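**Student:** Handing you a structure now.
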Amino acid sequence: MSEKIAVLGAGSWGSILANLLDENGNEVSLWSYNPDQVKELNEKHTNTHYIKDFTYSETLKAYSDLKQALAGATTVLFVVPTKAVRSVAGEAKAVLEELHTKPQIIHASKGIEQGTYKRVSEILAEEIPADLRAAITVLSGPSHAEDVAKRDITLVTAASTDQDAAKHTQKLFMNRYFRVYTNSDVIGVEIAAALKNIIALGTGALNGLGYGDNAKAALMTRGLAEISRLGASFGANPQTFTGLAGVGDIIVTGTSQNSRNYRAGDELGKGQTLEEVIDTMGMVIEGVATTKAAYELSKQRGVEMPITEAIYQVLYEGKDIRKAISDLMMREGRSEF
Ligand SMILES: NC(=O)c1ccc[n+]([C@@H]2O[C@H](COP(=O)([O-])OP(=O)(O)OC[C@H]3O[C@@H](n4cnc5c(N)ncnc54)[C@H](O)[C@@H]3O)[C@@H](O)[C@H]2O)c1
Ligand SMILES: O=P(O)(O)OC[C@H](O)CO
C-alpha cells in the first residue's frame, strides 16, 4: 500500500511515525510549526531536540506551510499535544476546504481537553466536519518513540467506529517491527491512553521517593481499576483495559525512563517543583493536564478515582506526596472487586 500521507506534529512521536510510514513506502510530508525544526529535518535529516542519534529518511519532506504539507494527502495523521489539537485541526479545516481531498484522519495523541473533557477524536470531529474528511481512527498502545526509532518490536491498536478505516490504518503502519491490531472501542482506547499518563506520574514519584516494585505494581493495578471505572461510565468495552491500550500502555509508561510522565513523577518524588519539572523536560508531559481533566470529570460523573484525586492534590493543591500516599493507604479496607 502506498499513499500520500501528511503528518502534523514533528515531535518525538510524530517524526518517528512519519519515518516509519516513509519506510513502509509512502510519500510522507511532515508538518511542524517550527521553521528551524523543518530546516534541520530537511537539511540534516535529524530532529535532535526530540530524538537523539537518529537519522531520518532522505525522502521524508518537512514543511512549515500547512497547505504544502496537506496537498494531495489521502491520509492525515495528527500527532500534536492534546492542547494543540483543536487549533491545528482548525487550521487544517481551512486548508481542506480549499483542497477538497476528503482524507482519512488518524490521530496518535493521548489526552483529554481541558474544560470540555473531550477526547481527541471528538475534538477532530468537531473541528473538521464530516464533508471535509473520511473516518477518524486512533492509533494507541505501548509505544515509546525511542524504541520504534531502534526498530524494536512494538504492538499497538487502531480503533475506529468504521472497521474499514481501522483496517486501512493497520495496513499503513504494519511492518516487521510494528504490529497493529484493530479495535472498535474508540472511547475505551482514548480514555485508557489519556489516563495512563496520570498513573505514570504516580509510579515515577514512587520511584523518586525510593519505593520498590510492589508499590509501583499496586499503583498501576489499582490505577487501571479506576480508569476502567471511568471508561465504563462512558460505555467503554471492559476488554480494552486489559489490552494494548490499557494494561500494555500502563506497563510501558509506568515503568520506563523513556516516559516523560514517569520521569516527571520521578523528579517530583525527588523534590523538584512541578514548574521546574515542566521547564526542564522541554517536551509535552500530557499527564499533568490530564490529571486535572480526569479529576474534574470523575467528580462530574460521580466515579470514585482516589489515585487520580491524590495526584491532583499533589500537582494542583500542593499536597505533600508522602502524605498523599499515606492517606491512600489508610482509607477504609474494602473488597477488591
Ligand atoms: N513520544 C512518544 O513516544 C509518544 C508515543 C505515543 C503517543 N504520544 C503522544 O503523542 C502526542 C505528541 O507527543 P510527542 O511525544 O510527539 O510530543 P513532543 O513534545 O515530543 O512534540 C510535540 C510537537 O508538537 C508541536 N507543538 C506543540 N504545540 C503546538 C501547537 N500549538 N501547534 C502546533 N504544533 C505544536 C511541538 O513543536 C512538537 O514538535 C502526545 O499526545 C503524546 O502523548 C507520544
Ligand atoms: O513519554 P510519555 O510518558 O508521554 O509516554 C509515551 C507513550 O504514550 C507511551 O506509550
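Naming works like this for the C-alpha cells: A, B, ... for the chains as they're shown, residue 1 at the start of each chain, ligands 1 onward in shown order.
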Compile a residue-level contact table for chain A against ligand 1 at a cut-off of 6 Å, reporting for every qualifying residue the shortest atom pair and its distance in Å to one decimal, with only C-alpha atoms and all ligand atoms counted, rows ordered by chain and ascending number, as CSV.
**Tutor:**
residue,atom,partner,partner_atom_place_in_ligand_line,distance
A:Gly9,CA,ligand 1,24 (O),4.7
A:Ala10,CA,ligand 1,39 (O),4.1
A:Gly11,CA,ligand 1,21 (O),3.1
A:Ser12,CA,ligand 1,20 (O),3.9
A:Trp13,CA,ligand 1,16 (O),3.8
A:Gly14,CA,ligand 1,16 (O),5.1
A:Ser32,CA,ligand 1,39 (O),5.9
A:Tyr33,CA,ligand 1,33 (C),5.3
A:Tyr50,CA,ligand 1,20 (O),5.6
A:Val79,CA,ligand 1,11 (C),5.0
A:Val80,CA,ligand 1,24 (O),4.2
A:Pro81,CA,ligand 1,41 (O),4.2
A:Thr82,CA,ligand 1,41 (O),5.3
A:Ala84,CA,ligand 1,31 (N),4.3
A:Val88,CA,ligand 1,32 (N),5.8
A:Ala108,CA,ligand 1,10 (O),5.4
A:Ser109,CA,ligand 1,41 (O),3.4
A:Lys110,CA,ligand 1,41 (O),4.0
A:Gly111,CA,ligand 1,41 (O),5.9
A:Ser143,CA,ligand 1,5 (C),5.2
A:His144,CA,ligand 1,3 (O),3.4
A:Ala145,CA,ligand 1,3 (O),3.7
A:Met283,CA,ligand 1,19 (O),3.5
A:Val284,CA,ligand 1,19 (O),4.0
A:Glu286,CA,ligand 1,43 (O),5.6
**Student:** Any residue with an atom at most 10 Å from ligand 2 counts, using only C-alpha atoms and all ligand atoms. Which are they? Put them as an MDAnalysis selection string.
**Tutor:** chainID A and resid 12:13 81 108:111 140:146 154 156 193:194 196:201 244:245 248:265 283:287
**Student:** Since we have the selection now, will you write its residues out, keeping C-alpha atoms, as a CSV table (one decimal), in the first residue's frame?
**Tutor:**
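selection-v3.csv, written as the output of this step:
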chain,number,residue,atom,x,y,z
A,12,SER,CA,9.2,12.6,19.2
A,13,TRP,CA,6.2,10.6,18.1
A,81,PRO,CA,0.0,17.6,22.1
A,108,ALA,CA,-1.9,9.4,17.9
A,109,SER,CA,-2.3,11.9,20.7
A,110,LYS,CA,-3.0,10.9,24.3
A,111,GLY,CA,-5.1,13.3,26.4
A,140,SER,CA,-2.6,3.9,20.5
A,141,GLY,CA,-0.8,1.4,22.8
A,142,PRO,CA,2.6,0.8,24.5
A,143,SER,CA,4.9,2.7,22.1
A,144,HIS,CA,7.8,4.9,23.1
A,145,ALA,CA,9.2,6.7,20.1
A,146,GLU,CA,12.7,5.8,21.3
A,154,THR,CA,6.1,-2.6,19.1
A,156,VAL,CA,-0.4,-1.0,19.0
A,193,ALA,CA,-4.4,6.3,26.5
A,194,ALA,CA,-5.0,9.6,28.2
A,196,LYS,CA,-2.4,6.0,32.0
A,197,ASN,CA,-0.2,9.1,32.0
A,198,ILE,CA,-1.6,10.1,35.4
A,199,ILE,CA,-0.6,6.7,36.8
A,200,ALA,CA,2.9,7.0,35.2
A,201,LEU,CA,3.3,10.3,37.1
A,244,LEU,CA,-2.6,-2.9,24.5
A,245,ALA,CA,-4.2,0.5,25.1
A,248,GLY,CA,0.1,-2.6,27.8
A,249,ASP,CA,0.4,1.2,28.0
A,250,ILE,CA,0.3,1.3,31.8
A,251,ILE,CA,3.2,-1.1,31.9
A,252,VAL,CA,5.3,0.8,29.4
A,253,THR,CA,4.6,4.3,30.6
A,254,GLY,CA,4.5,3.4,34.3
A,255,THR,CA,7.9,1.7,34.4
A,256,SER,CA,10.1,3.3,31.7
A,257,GLN,CA,12.7,6.0,31.9
A,258,ASN,CA,11.7,6.8,28.3
A,259,SER,CA,8.4,8.0,29.5
A,260,ARG,CA,8.2,11.8,30.1
A,261,ASN,CA,5.3,11.3,32.5
A,262,TYR,CA,7.3,8.7,34.6
A,263,ARG,CA,10.5,10.9,34.5
A,264,ALA,CA,8.4,13.9,35.6
A,265,GLY,CA,7.0,12.0,38.5
A,283,MET,CA,8.6,18.1,25.7
A,284,VAL,CA,4.9,17.5,26.5
A,285,ILE,CA,4.0,15.9,29.8
A,286,GLU,CA,0.4,15.1,28.9
A,287,GLY,CA,-0.4,13.6,32.4
**Student:** Kindly give the distance, in Å, that separates CA of Ala158 (chain A) and CA of Phe337 (chain A), rounded to a single decimal.
**Tutor:** 29.3 Å
**Student:** Quick one: residues within 12 Å of Met329 (chain A), only C-alpha atoms, excluding same-chain residues fewer than 3 positions away - as a short mmCIF file (atom, residue, chain, number, x, y, z; two decimals) with N, CA and C atoms, in the first residue's frame?
**Tutor:**
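Full text of result.cif as output:
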data_model
loop_
_atom_site.label_atom_id
_atom_site.label_comp_id
_atom_site.auth_asym_id
_atom_site.auth_seq_id
_atom_site.Cartn_x
_atom_site.Cartn_y
_atom_site.Cartn_z
N ALA A 215 5.08 -1.47 45.31
CA ALA A 215 4.30 -0.23 45.35
C ALA A 215 3.90 0.21 43.94
N ALA A 218 1.26 -2.08 42.53
CA ALA A 218 -0.02 -1.79 43.18
C ALA A 218 -0.66 -0.55 42.55
N LEU A 219 0.14 0.48 42.35
CA LEU A 219 -0.41 1.72 41.79
C LEU A 219 -0.92 1.51 40.36
N ARG A 222 -4.26 -0.77 40.63
CA ARG A 222 -5.42 -0.04 41.16
C ARG A 222 -5.73 1.19 40.29
N PRO A 306 -9.71 7.49 43.55
CA PRO A 306 -8.87 8.00 44.64
C PRO A 306 -7.42 8.31 44.23
N ILE A 307 -6.85 7.51 43.33
CA ILE A 307 -5.46 7.75 42.94
C ILE A 307 -5.37 9.04 42.11
N ALA A 310 -5.65 11.88 44.45
CA ALA A 310 -4.42 12.11 45.23
C ALA A 310 -3.38 12.83 44.37
N ARG A 322 4.20 12.27 50.27
CA ARG A 322 4.17 11.20 51.29
C ARG A 322 2.83 11.18 52.03
N LYS A 323 2.31 12.37 52.29
CA LYS A 323 1.01 12.45 52.97
C LYS A 323 -0.09 11.88 52.06
N ALA A 324 0.01 12.19 50.74
CA ALA A 324 -0.99 11.67 49.80
C ALA A 324 -0.94 10.14 49.77
N ILE A 325 0.27 9.58 49.80
CA ILE A 325 0.42 8.11 49.78
C ILE A 325 -0.16 7.52 51.07
N SER A 326 0.18 8.14 52.20
CA SER A 326 -0.31 7.62 53.47
C SER A 326 -1.83 7.71 53.56
N GLU A 332 -10.38 3.28 54.34
CA GLU A 332 -11.04 2.11 54.93
C GLU A 332 -10.84 0.88 54.04
N GLY A 333 -10.62 -0.29 54.63
CA GLY A 333 -10.45 -1.52 53.86
C GLY A 333 -11.70 -1.83 53.07
N ARG A 334 -11.51 -2.47 51.90
CA ARG A 334 -12.68 -2.76 51.05
C ARG A 334 -12.43 -4.01 50.21
#
**Student:** Run DSSP on the backbone of this structure and report the residues of region 67-259 of chain A it assigns to strand (DSSP E), as a PyMOL selection string.
**Tutor:** chain A and resi 75-78+104-107+136-140+154-159+178-183
**Student:** Residues as selected, N, CA and C atoms, written as a compact mmCIF listing (two decimals), in the first residue's frame, can you do that?
**Tutor:**
# COMPACT_ATOMS: atom_id res chain seq x y z
N THR A 75 -4.35 10.61 3.52
CA THR A 75 -4.45 10.35 4.96
C THR A 75 -3.73 11.46 5.69
N VAL A 76 -4.33 11.93 6.78
CA VAL A 76 -3.69 12.95 7.62
C VAL A 76 -3.58 12.39 9.04
N LEU A 77 -2.35 12.37 9.55
CA LEU A 77 -2.09 11.86 10.90
C LEU A 77 -1.77 13.05 11.83
N PHE A 78 -2.60 13.24 12.84
CA PHE A 78 -2.38 14.30 13.83
C PHE A 78 -1.57 13.73 15.01
N GLN A 104 -8.62 10.41 4.98
CA GLN A 104 -8.80 9.65 6.22
C GLN A 104 -8.07 10.43 7.30
N ILE A 105 -8.60 10.41 8.52
CA ILE A 105 -7.93 11.09 9.63
C ILE A 105 -7.50 10.03 10.65
N ILE A 106 -6.26 10.11 11.07
CA ILE A 106 -5.75 9.24 12.15
C ILE A 106 -5.16 10.19 13.20
N HIS A 107 -5.26 9.81 14.47
CA HIS A 107 -4.51 10.60 15.46
C HIS A 107 -3.80 9.66 16.43
N ILE A 136 -12.40 8.70 11.20
CA ILE A 136 -11.33 9.02 12.14
C ILE A 136 -10.92 7.74 12.87
N THR A 137 -9.61 7.52 12.98
CA THR A 137 -9.06 6.36 13.69
C THR A 137 -8.07 6.85 14.73
N VAL A 138 -8.01 6.15 15.88
CA VAL A 138 -6.99 6.48 16.88
C VAL A 138 -5.97 5.34 16.91
N LEU A 139 -4.70 5.72 16.89
CA LEU A 139 -3.61 4.74 16.97
C LEU A 139 -3.00 4.87 18.36
N SER A 140 -3.02 3.78 19.14
CA SER A 140 -2.57 3.91 20.53
C SER A 140 -2.01 2.58 21.03
N THR A 154 7.16 -3.45 18.54
CA THR A 154 6.11 -2.61 19.13
C THR A 154 4.76 -3.08 18.62
N LEU A 155 3.80 -3.19 19.53
CA LEU A 155 2.43 -3.58 19.15
C LEU A 155 1.46 -2.51 19.60
N VAL A 156 0.59 -2.09 18.69
CA VAL A 156 -0.38 -1.04 19.02
C VAL A 156 -1.76 -1.44 18.51
N THR A 157 -2.74 -0.59 18.81
CA THR A 157 -4.10 -0.87 18.34
C THR A 157 -4.63 0.33 17.55
N ALA A 158 -5.43 0.03 16.52
CA ALA A 158 -6.03 1.09 15.70
C ALA A 158 -7.54 1.00 15.92
N ALA A 159 -8.11 2.01 16.58
CA ALA A 159 -9.53 1.95 16.92
C ALA A 159 -10.34 2.96 16.12
N PHE A 178 6.57 -3.41 13.71
CA PHE A 178 5.43 -2.62 14.20
C PHE A 178 4.15 -3.36 13.82
N ARG A 179 3.52 -3.99 14.82
CA ARG A 179 2.32 -4.80 14.56
C ARG A 179 1.10 -4.05 15.08
N VAL A 180 0.07 -4.01 14.23
CA VAL A 180 -1.13 -3.22 14.57
C VAL A 180 -2.36 -4.12 14.61
N TYR A 181 -3.10 -4.06 15.70
CA TYR A 181 -4.40 -4.74 15.81
C TYR A 181 -5.51 -3.73 15.52
N THR A 182 -6.68 -4.22 15.18
CA THR A 182 -7.82 -3.31 15.04
C THR A 182 -8.73 -3.44 16.26
N ASN A 183 -9.54 -2.43 16.48
CA ASN A 183 -10.39 -2.36 17.67
C ASN A 183 -11.55 -1.42 17.30
**Student:** Kindly give the distance, in Å, that separates CA of Val120 (chain A) and CA of Gln313 (chain A), rounded to a single decimal.
**Tutor:**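 One can read the CA of Val120 (chain A) to CA of Gln313 (chain A) distance as 25.1 Å.
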**Student:** If I take CA of Glu91 (chain A) and CA of Tyr56 (chain A), how far is one from the other in Å, to one decimal?
**Tutor:** 26.4 Å
**Student:** Using only C-alpha atoms, which protein or nucleic acid residues come within 6 Å of region 24-29 of chain A? Drop anything in the same chain fewer than 4 positions from it, and give the result as a list in words.
**Tutor:** Ser2, Glu3, Lys4, Ile5, Ala6, Leu60, Lys61, Ala62 and Ala69 of chain A
**Student:** Write out as a ChimeraX atom specification the residues lying within 8 Å of Ile187 (chain A), counting only C-alpha atoms and excluding same-chain residues fewer than 6 positions away.
**Tutor:** /A:119,231,234-236
**Student:** Among region 31-139 of chain A, which residues carry a DSSP assignment of helix (DSSP H, G or I), reported as a PyMOL selection string?
**Tutor:** chain A and resi 35-43+66-70+82-99+120-127+130-132
